[in-house]
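Asks: structure_15.cif is reproduced in full below (mmCIF, C-alpha atoms and all ligand atoms; chains and numbers go by the auth columns).
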data_coords
#
loop_
_atom_site.group_PDB
_atom_site.id
_atom_site.type_symbol
_atom_site.label_atom_id
_atom_site.label_comp_id
_atom_site.label_asym_id
_atom_site.label_seq_id
_atom_site.Cartn_x
_atom_site.Cartn_y
_atom_site.Cartn_z
_atom_site.B_iso_or_equiv
_atom_site.auth_seq_id
_atom_site.auth_asym_id
ATOM 1 C CA MET A 1 68.096 89.378 140.398 0.00 15 A
ATOM 2 C CA CYS A 2 69.018 93.002 140.080 0.00 16 A
ATOM 3 C CA ASP A 3 66.194 95.230 141.292 0.00 17 A
ATOM 4 C CA MET A 4 66.751 97.694 138.480 0.00 18 A
ATOM 5 C CA CYS A 5 67.547 95.819 135.302 0.00 19 A
ATOM 6 C CA SER A 6 66.710 92.190 136.164 0.00 20 A
ATOM 7 C CA SER A 7 70.230 91.032 135.451 0.00 21 A
ATOM 8 C CA PRO A 8 70.873 87.689 137.205 0.00 22 A
ATOM 9 C CA ASP A 9 73.984 88.897 139.030 0.00 23 A
ATOM 10 C CA LYS A 10 73.176 90.918 142.073 0.00 24 A
ATOM 11 C CA THR A 11 76.437 92.165 143.461 0.00 25 A
ATOM 12 C CA HIS A 12 75.818 95.518 145.152 0.00 26 A
ATOM 13 C CA LYS A 13 73.518 96.897 147.807 0.00 27 A
ATOM 14 C CA ILE A 14 72.819 100.521 147.108 0.00 28 A
ATOM 15 C CA GLU A 15 70.809 103.372 148.529 0.00 29 A
ATOM 16 C CA LEU A 16 68.829 105.221 145.906 0.00 30 A
ATOM 17 C CA GLU A 17 66.458 108.065 146.782 0.00 31 A
ATOM 18 C CA GLY A 18 65.891 106.731 150.263 0.00 32 A
ATOM 19 C CA SER A 19 65.284 103.085 149.366 0.00 33 A
ATOM 20 C CA ILE A 20 67.652 100.130 149.584 0.00 34 A
ATOM 21 C CA LEU A 21 68.106 98.182 146.390 0.00 35 A
ATOM 22 C CA ASN A 22 70.038 95.067 145.506 0.00 36 A
ATOM 23 C CA VAL A 23 71.492 95.666 142.114 0.00 37 A
ATOM 24 C CA CYS A 24 74.074 94.454 139.623 0.00 38 A
ATOM 25 C CA LYS A 25 77.483 95.959 139.045 0.00 39 A
ATOM 26 C CA ASN A 26 76.233 98.149 136.209 0.00 40 A
ATOM 27 C CA CYS A 27 73.329 99.587 138.132 0.00 41 A
ATOM 28 C CA ALA A 28 75.376 100.214 141.275 0.00 42 A
ATOM 29 C CA SER A 29 76.528 103.540 139.871 0.00 43 A
ATOM 30 C CA TYR A 30 72.953 104.923 140.030 0.00 44 A
ATOM 31 C CA GLY A 31 72.992 105.135 143.797 0.00 45 A
ATOM 32 C CA LYS A 32 75.244 105.107 146.828 0.00 46 A
ATOM 33 C CA VAL A 33 76.882 101.726 147.389 0.00 47 A
ATOM 34 C CA ILE A 34 76.299 100.461 150.917 0.00 48 A
ATOM 35 C CA LYS A 35 77.663 96.987 150.564 0.00 49 A
ATOM 36 C CA THR A 36 79.331 94.881 147.949 0.00 50 A
ATOM 37 C CA TYR A 37 78.517 91.190 147.883 0.00 51 A
ATOM 38 C CA SER A 38 81.357 88.903 147.266 0.00 52 A
ATOM 39 C CA LYS A 39 80.713 86.424 144.517 0.00 53 A
ATOM 40 C CA PRO A 40 80.080 82.853 145.599 0.00 54 A
ATOM 41 C CA VAL A 41 83.525 81.716 144.467 0.00 55 A
ATOM 42 C CA LYS A 42 84.464 80.142 147.778 0.00 56 A
ATOM 43 C CA GLN A 43 82.143 77.193 147.381 0.00 57 A
ATOM 44 C CA LYS A 44 83.440 76.407 143.931 0.00 58 A
ATOM 45 C CA LYS A 45 87.022 76.397 145.154 0.00 59 A
ATOM 46 C CA LYS A 46 86.194 73.949 147.896 0.00 60 A
ATOM 47 C CA THR A 47 84.752 71.410 145.519 0.00 61 A
ATOM 48 C CA THR A 48 87.695 71.572 143.137 0.00 62 A
ATOM 49 C CA THR A 49 90.218 70.883 145.874 0.00 63 A
ATOM 50 C CA GLU A 50 88.169 67.945 147.051 0.00 64 A
ATOM 51 C CA GLU A 51 88.095 66.546 143.556 0.00 65 A
ATOM 52 C CA LYS A 52 91.838 66.872 143.236 0.00 66 A
ATOM 53 C CA ALA A 53 92.596 64.781 146.287 0.00 67 A
ATOM 54 C CA PRO A 54 92.121 61.232 144.973 0.00 68 A
ATOM 55 C CA VAL A 55 94.425 61.497 141.977 0.00 69 A
ATOM 56 C CA LYS A 56 95.484 58.097 140.798 0.00 70 A
ATOM 57 C CA GLU A 57 98.979 57.976 139.511 0.00 71 A
ATOM 58 C CA THR A 58 100.151 55.708 136.805 0.00 72 A
ATOM 59 C CA GLU A 59 103.069 53.513 137.629 0.00 73 A
ATOM 60 C CA THR A 60 105.792 52.548 135.263 0.00 74 A
ATOM 61 C CA ILE A 61 107.087 49.057 135.626 0.00 75 A
ATOM 62 C CA GLN A 62 110.471 48.258 134.191 0.00 76 A
ATOM 63 C CA ARG A 63 111.153 44.680 133.401 0.00 77 A
ATOM 64 C CA THR A 64 114.291 43.091 132.119 0.00 78 A
ATOM 65 C CA VAL A 65 113.566 41.114 128.983 0.00 79 A
ATOM 66 C CA LYS A 66 113.756 37.359 129.411 0.00 80 A
ATOM 67 C CA ASN A 67 116.466 36.732 126.815 0.00 81 A
ATOM 68 C CA TYR A 68 118.765 39.516 127.972 0.00 82 A
ATOM 69 C CA HIS A 69 121.725 37.102 128.150 0.00 83 A
ATOM 70 C CA THR A 70 121.491 36.097 124.491 0.00 84 A
ATOM 71 C CA LEU A 71 120.887 39.680 123.412 0.00 85 A
ATOM 72 C CA ILE A 72 124.051 40.799 125.175 0.00 86 A
ATOM 73 C CA LYS A 73 126.106 37.900 123.849 0.00 87 A
ATOM 74 C CA ASN A 74 124.921 38.274 120.259 0.00 88 A
ATOM 75 C CA ALA A 75 125.378 42.022 120.221 0.00 89 A
ATOM 76 C CA ARG A 76 128.831 41.717 121.736 0.00 90 A
ATOM 77 C CA GLU A 77 129.895 39.084 119.211 0.00 91 A
ATOM 78 C CA GLN A 78 128.545 41.169 116.345 0.00 92 A
ATOM 79 C CA MET A 79 130.758 43.994 117.484 0.00 93 A
ATOM 80 C CA GLY A 80 133.679 41.590 117.540 0.00 94 A
ATOM 81 C CA LEU A 81 134.348 42.144 121.208 0.00 95 A
ATOM 82 C CA LYS A 82 135.454 39.656 123.820 0.00 96 A
ATOM 83 C CA GLN A 83 133.759 39.618 127.204 0.00 97 A
ATOM 84 C CA GLU A 84 136.872 41.212 128.633 0.00 98 A
ATOM 85 C CA GLU A 85 136.831 43.980 126.036 0.00 99 A
ATOM 86 C CA LEU A 86 133.163 44.729 126.532 0.00 100 A
ATOM 87 C CA ALA A 87 133.752 44.858 130.278 0.00 101 A
ATOM 88 C CA LYS A 88 136.490 47.427 129.779 0.00 102 A
ATOM 89 C CA LYS A 89 134.298 49.569 127.515 0.00 103 A
ATOM 90 C CA LEU A 90 131.592 49.624 130.140 0.00 104 A
ATOM 91 C CA ALA A 91 133.983 49.998 133.069 0.00 105 A
ATOM 92 C CA GLU A 92 132.689 46.761 134.520 0.00 106 A
ATOM 93 C CA LYS A 93 134.374 43.571 135.630 0.00 107 A
ATOM 94 C CA GLU A 94 134.772 40.764 133.131 0.00 108 A
ATOM 95 C CA SER A 95 133.087 38.412 135.583 0.00 109 A
ATOM 96 C CA ILE A 96 129.980 40.601 135.477 0.00 110 A
ATOM 97 C CA ILE A 97 129.694 40.217 131.704 0.00 111 A
ATOM 98 C CA HIS A 98 130.285 36.496 132.018 0.00 112 A
ATOM 99 C CA LYS A 99 127.583 36.164 134.660 0.00 113 A
ATOM 100 C CA LEU A 100 125.161 38.204 132.592 0.00 114 A
ATOM 101 C CA GLU A 101 125.678 36.101 129.506 0.00 115 A
ATOM 102 C CA SER A 102 125.352 32.863 131.470 0.00 116 A
ATOM 103 C CA LYS A 103 122.171 34.263 133.028 0.00 117 A
ATOM 104 C CA SER A 104 123.482 33.806 136.546 0.00 118 A
ATOM 105 C CA ILE A 105 122.856 37.452 137.385 0.00 119 A
ATOM 106 C CA ARG A 106 120.506 40.115 136.128 0.00 120 A
ATOM 107 C CA PRO A 107 121.780 43.507 135.119 0.00 121 A
ATOM 108 C CA SER A 108 121.029 46.362 137.474 0.00 122 A
ATOM 109 C CA ARG A 109 118.997 49.163 135.973 0.00 123 A
ATOM 110 C CA GLU A 110 122.124 51.248 135.591 0.00 124 A
ATOM 111 C CA LEU A 111 124.066 48.449 133.955 0.00 125 A
ATOM 112 C CA ALA A 112 121.152 47.579 131.679 0.00 126 A
ATOM 113 C CA ARG A 113 121.066 51.178 130.470 0.00 127 A
ATOM 114 C CA LYS A 114 124.791 51.115 129.792 0.00 128 A
ATOM 115 C CA LEU A 115 124.529 47.881 127.856 0.00 129 A
ATOM 116 C CA GLU A 116 121.541 49.106 125.886 0.00 130 A
ATOM 117 C CA LYS A 117 123.332 52.269 124.894 0.00 131 A
ATOM 118 C CA PHE A 118 126.580 50.615 124.012 0.00 132 A
ATOM 119 C CA LEU A 119 125.279 47.505 122.260 0.00 133 A
ATOM 120 C CA LYS A 120 122.221 49.237 120.787 0.00 134 A
ATOM 121 C CA ILE A 121 119.885 46.623 122.128 0.00 135 A
ATOM 122 C CA LYS A 122 116.734 46.705 124.211 0.00 136 A
ATOM 123 C CA LEU A 123 117.058 45.017 127.594 0.00 137 A
ATOM 124 C CA VAL A 124 114.411 46.739 129.623 0.00 138 A
ATOM 125 C CA GLU A 125 110.795 46.996 128.661 0.00 139 A
ATOM 126 C CA GLU A 126 108.562 49.601 130.205 0.00 140 A
ATOM 127 C CA LEU A 127 105.014 48.865 131.149 0.00 141 A
ATOM 128 C CA GLU A 128 102.709 51.659 132.172 0.00 142 A
ATOM 129 C CA MET A 129 99.818 50.749 134.361 0.00 143 A
ATOM 130 C CA LYS A 130 97.492 52.005 137.003 0.00 144 A
ATOM 131 C CA PRO A 131 98.023 50.753 140.564 0.00 145 A
ATOM 132 C CA GLY A 132 95.071 48.356 140.361 0.00 146 A
ATOM 133 C CA GLN A 133 96.287 46.819 137.133 0.00 147 A
ATOM 134 C CA PHE A 134 99.694 46.172 138.563 0.00 148 A
ATOM 135 C CA LYS A 135 98.387 44.011 141.383 0.00 149 A
ATOM 136 C CA LYS A 136 96.270 42.046 138.952 0.00 150 A
ATOM 137 C CA GLU A 137 99.164 41.414 136.611 0.00 151 A
ATOM 138 C CA LYS A 138 101.460 40.384 139.439 0.00 152 A
ATOM 139 C CA SER A 139 99.121 37.774 140.842 0.00 153 A
ATOM 140 C CA THR A 140 97.948 36.296 137.535 0.00 154 A
ATOM 141 C CA ASN A 141 101.299 36.161 135.804 0.00 155 A
ATOM 142 C CA LYS A 142 103.114 33.512 137.770 0.00 156 A
ATOM 143 C CA ALA A 143 106.066 33.492 135.410 0.00 157 A
ATOM 144 C CA LEU A 144 107.265 36.734 136.924 0.00 158 A
ATOM 145 C CA THR A 145 109.611 36.661 139.854 0.00 159 A
ATOM 146 C CA ILE A 146 110.469 39.513 142.168 0.00 160 A
ATOM 147 C CA GLY A 147 113.756 39.897 140.347 0.00 161 A
ATOM 148 C CA ASP A 148 111.891 40.505 137.101 0.00 162 A
ATOM 149 C CA LEU A 149 110.306 43.652 138.342 0.00 163 A
ATOM 150 C CA ILE A 150 111.781 46.952 139.234 0.00 164 A
ATOM 151 C CA LYS A 151 108.938 49.071 140.415 0.00 165 A
ATOM 152 C CA PHE A 152 109.221 52.780 140.860 0.00 166 A
ATOM 153 C CA LYS A 153 107.076 55.842 140.674 0.00 167 A
ATOM 154 C CA LYS A 154 107.340 58.154 137.744 0.00 168 A
HETATM 155 ZN ZN ZN B . 71.129 96.007 137.046 0.00 201 A
#
The structure given in the file should be rewritten as C-alpha cells.
Ligand SMILES: [Zn+2]

Replies:
Amino acid sequence: MCDMCSSPDKTHKIELEGSILNVCKNCASYGKVIKTYSKPVKQKKKTTTEEKAPVKETETIQRTVKNYHTLIKNAREQMGLKQEELAKKLAEKESIIHKLESKSIRPSRELARKLEKFLKIKLVEELEMKPGQFKKEKSTNKALTIGDLIKFKK
C-alpha cells in the first residue's frame, strides 16, 4: 500500500523530508523519486505462454462419398455428355472417367474438386474433429478403408 494515500499500487520509492516512503504513482510527485518499481507483469506473461503451449488443433478429414461413381455417372448423363466428352472437358483421360464410374479407382482430391465443380455434385464430405475423436472414429468404424480417408491439417 502507498504510505501516503493508501492506494493499493505502490510503484515508487521516494525521499520526502528526510524519510523514505513507498508510494503510488500519484504521490511520487510529492518527494524525490529514488527508485521506480516495475509492475509485476513478468509473472503474468510467463503463465500465459505456458497456457498457450498445449493448443489442440482441430483436424479436417475429407472423405470421398461412397456412391461417387453413380453421382458422376448420373450427373454426366444429365448433362448429355459421353465419358469421352466429360474427360475432354476436365482434361482427363477417358479411361479415368470409365474407371471412376465403374468404381475401380477413387478420384484424387484434385480430380474430385474438378468433377464437383463441373458436374455440380458433392463428392467429398468434410468432417471436422479433434485429434482424439479421429482415432476413435477410425477404430470403431470398420467400414472405412485407408483409401476412404484423406487426412490433412487445416
Ligand atoms: Zn499514494

Asks: Expand the PyMOL selection byres (((chain A and resi 120) around 12) and not hetatm) into the explicit residue set it covers here, and present it as a PyMOL selection string.

Replies: chain A and resi 77-83+86+110-119+121-126+137-138+160-164

Asks: Grab me every residue within 10 Å of ligand ZN 201 (chain A), counting all atoms listed in the file, and send it over as JSON, numbers by chain.

Replies: {"A": [15, 16, 17, 18, 19, 20, 21, 22, 23, 24, 25, 26, 36, 37, 38, 39, 40, 41, 42, 43, 44]}

Asks: If you measure from atom CA of Lys144 of chain A to atom CA of Lys131 of chain A, what distance in Å do you get, rounded to one decimal?

Replies: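 Result for atom CA of Lys144 of chain A versus atom CA of Lys131 of chain A: 28.5 Å, one decimal.
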
Asks: Can you work out which one of A:Gly32, A:Ile48, A:Phe132, A:Glu142 has the shortest atom-to-atom distance to Met93 of chain A, counting all atoms listed in the file?

Replies: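 Closest residue, counting all atoms listed in the file: A:Phe132.
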
Asks: A:Leu35, A:Leu30, A:Leu141, A:Leu129: which is nearest Ala89 of chain A, counting all atoms listed in the file?

Replies: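 Using all atoms listed in the file, the shortest distance to Ala89 of chain A belongs to A:Leu129.
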
Asks: Enclose all atoms of segment 122-128 of chain A listed in the file in an axis-aligned box, grow every side by 3 Å, and hand back centre and edge lengths in Å to one decimal, as lines of an AutoDock Vina configuration file.

Replies:
center_x = 121.9
center_y = 48.8
center_z = 133.6
size_x = 11.8
size_y = 10.9
size_z = 13.7

Asks: Interatomic distance between atom CA of Lys128 of chain A and atom CA of Glu71 of chain A?

Replies: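 Those two atoms sit 28.4 Å apart.
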